[in-house]
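To keep things clear, I will list the structure first and then write my remarks on it.
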Amino acid sequence: MLKRTGITVGLGFLGGWLATLLSLPLAWMLGSLFMVMCLSLMGVNTGIDKRLHRSAIALLGLFIGSRIQADELLGLVLWYPSVLAMLVYMALMLFGGYWIFNYANVGRMNAMFCAYPGSMNSALVLAERANGDLRWIAISHSLRLVTVVSGAAIVASFFVDDVALRSSTSSFSIMDGLPLVLAALCWWLGRLLKIPLPEFLGPMAAGAIVANLGFDYSLPTWIVLTAFLVLGASVGARFSGTQWSQVISMGRYGIAFALFALLVAALMAWLVSSFTHLSFVAVLLALIPGGVGEMAVIAMVLDIDPVYVVSHHILRLLLLIFMTPLMIRLANGPVKQ
């Protein structure tokens, strides 16, 4: 696995470098993603060690947490319009996606998990426990993730003039290692308490603690860009071992669902931004069903409050986890004649 991870990261680096030369938005994440995805579909054996992927998520959480100020959290109560919009959006995604994937003849329960508008990892874990067909669910979510992440980055870049990563350019010192130790401890505590996404929320809490104690801390740019590269390569490697026939068979439904998700999210973001002070791009990133880490990356690069975006995705994930047993019972219920 170590050799395969090294090859995949190397391919991701090549894709990120080429995307940088072409001045593409989110070059190190999207360039890495498409390079690894294309070569995976061509038969290259790719993959990212789960420990490296989770470490990249942890670094991202720490980076976001270092930007959180306690007084900014008072603004949570002002976000209720987009929270309500997210609830409506969840319902539309579940019913609309279920209707789309029913045409793929994968079964009612598999169609439900294919339409799951949340984390791909959590969808696969829950589907496995319910004896779902992980093959079709993984392909549909991979296509959705690629389409939504790349589409969101490109669309959002049209609405923001200054696309730049704001982090430290200084070298890494011994003192910079202390927040990393705290992040590791918070990650371990999160796993102990069985909170969702402990590798993300634990380090994010650590970053917030450091920031609110008055320390001026920011991860060096090269570390943040490395995390972006690993996240992109991880998404692209989801297609390793996938046959073109499988992608073509499920692809039209997965891409149709992703485009449906983007279109409805854009419409609801426009409605919310028209009647509130919230910006269109911020609401868009908070609604669309991309991964928490990927949406947080786009938010940071576009200088949008990542706490706002992440809070919506975490809330949606928690709601989906609690709703899943009921949805499974409904999906396994008797078919109406």
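Quick note on naming: the chains in the structure tokens go A, B, ... in the order shown, residues restart at 1 in each chain, and ligands are numbered from 1 in order of appearance.
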
Fill in: Test item: residues at most 12 Å from Met323 of chain A, only C-alpha atoms, excluding those fewer than 2 positions along its chain, as a ChimeraX atom specification
/A:90-91,94,112,116,126,316-321,325-330

Keeping only C-alpha atoms, write the selected residues to a file as a JSON list (two decimals), in the first residue's frame.
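Here's the written file again.json:
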[["chain", "number", "residue", "atom", "x", "y", "z"],
["A", 90, "MET", "CA", -31.90, 17.53, 1.72],
["A", 91, "ALA", "CA", -35.47, 16.42, 1.08],
["A", 94, "LEU", "CA", -33.28, 12.33, -1.32],
["A", 112, "MET", "CA", -31.62, 5.48, -1.60],
["A", 116, "TYR", "CA", -27.48, 10.00, -0.05],
["A", 126, "LEU", "CA", -24.14, 2.63, 6.48],
["A", 316, "ARG", "CA", -26.59, 17.54, 7.44],
["A", 317, "LEU", "CA", -24.36, 14.55, 8.18],
["A", 318, "LEU", "CA", -25.74, 14.21, 11.71],
["A", 319, "LEU", "CA", -29.33, 14.44, 10.46],
["A", 320, "LEU", "CA", -28.69, 11.79, 7.80],
["A", 321, "ILE", "CA", -27.09, 9.42, 10.32],
["A", 325, "PRO", "CA", -32.60, 3.60, 10.04],
["A", 326, "LEU", "CA", -36.03, 5.03, 9.17],
["A", 327, "MET", "CA", -35.07, 5.42, 5.49],
["A", 328, "ILE", "CA", -33.86, 1.79, 5.37],
["A", 329, "ARG", "CA", -37.17, 0.57, 6.81],
["A", 330, "LEU", "CA", -39.08, 2.59, 4.22]]

Closest contacts (segment 186-264 of chain A/segment 271-290 of chain A, max 10 Å, only C-alpha atoms) as a Markdown table:
| residue | atom | partner | partner_atom | distance |
| --- | --- | --- | --- | --- |
| A:Ala258 | CA | A:Pro289 | CA | 8.6 |
| A:Ala261 | CA | A:Ile288 | CA | 6.6 |
| A:Leu262 | CA | A:Ile288 | CA | 6.4 |
| A:Leu263 | CA | A:Ile288 | CA | 9.4 |
| A:Val264 | CA | A:Ile288 | CA | 8.8 |

Practice prompt. Could you give me, as a list in words, the residues within 9 Å of Leu14 of chain A, counting only C-alpha atoms and dropping anything in the same chain fewer than 3 positions from it?
Written response: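 Once the adjacent positions are removed, what remains is Val9, Gly10, Leu11, Trp17, Leu18, Ala19, Gly31, Ser32 and Met35 of chain A.
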
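Proximity of A:Gln243, A:Thr221, A:Thr226, A:Ser311 to Met42 of chain A, computed with only C-alpha atoms, is greatest for A:Gln243.
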
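Here the question is which of A:Met93, A:Leu182, A:Val83, A:Ala233 gets nearest to Ile314 of chain A using only C-alpha atoms, and that residue is A:Val83.
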
Practice prompt. Give me the residues within 10 Å of segment 44-56 of chain A as a ChimeraX atom specification, counting only C-alpha atoms and dropping any in the same chain fewer than 3 places off.
Written response: /A:1-9,11,36-41,59-62,184,197-200,203,223-241,293

Worksheet item: Given the choices A:Gly254, A:Thr20, A:Tyr217, A:Met300, which gets closest to Phe113 of chain A if the distance is worked out from only C-alpha atoms?
Response: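 The closest residue to Phe113 of chain A is A:Gly254.
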
Worksheet entry | Which of segment 25-263 of chain A fall in helix (DSSP H, G or I), as an NGL selection string | :A and (27-41 or 50-65 or 70-102 or 108-114 or 120-129 or 134-157 or 177-193 or 198-212 or 221-239 or 244-263)

Response to the item:
Pairwise distance, atom CA of Ala206 of chain A with atom CA of His313 of chain A, equals 19.4 Å

Worksheet entry | 12 Å contact set for segment 98-108 of chain A, only C-alpha atoms, chain neighbours under 6 positions out, as a ChimeraX atom specification | /A:90-92,114-117,131-137,140-141,246,248-261,327-335

Worksheet item: Given the choices A:Leu84, A:Met29, A:Phe95, A:Ala152, which gets closest to Ala266 of chain A if the distance is worked out from only C-alpha atoms?
Response: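 Residue with the minimum atom-to-atom distance to Ala266 of chain A: A:Ala152.
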
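You will find atom CA of Ile64 of chain A at 6.6 Å from atom CA of Pro306 of chain A.
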
Fill in: Separation of atom CA of Val77 of chain A from atom CA of Ile195 of chain A in Å
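Computing it gives 22.9 Å between the two atoms.
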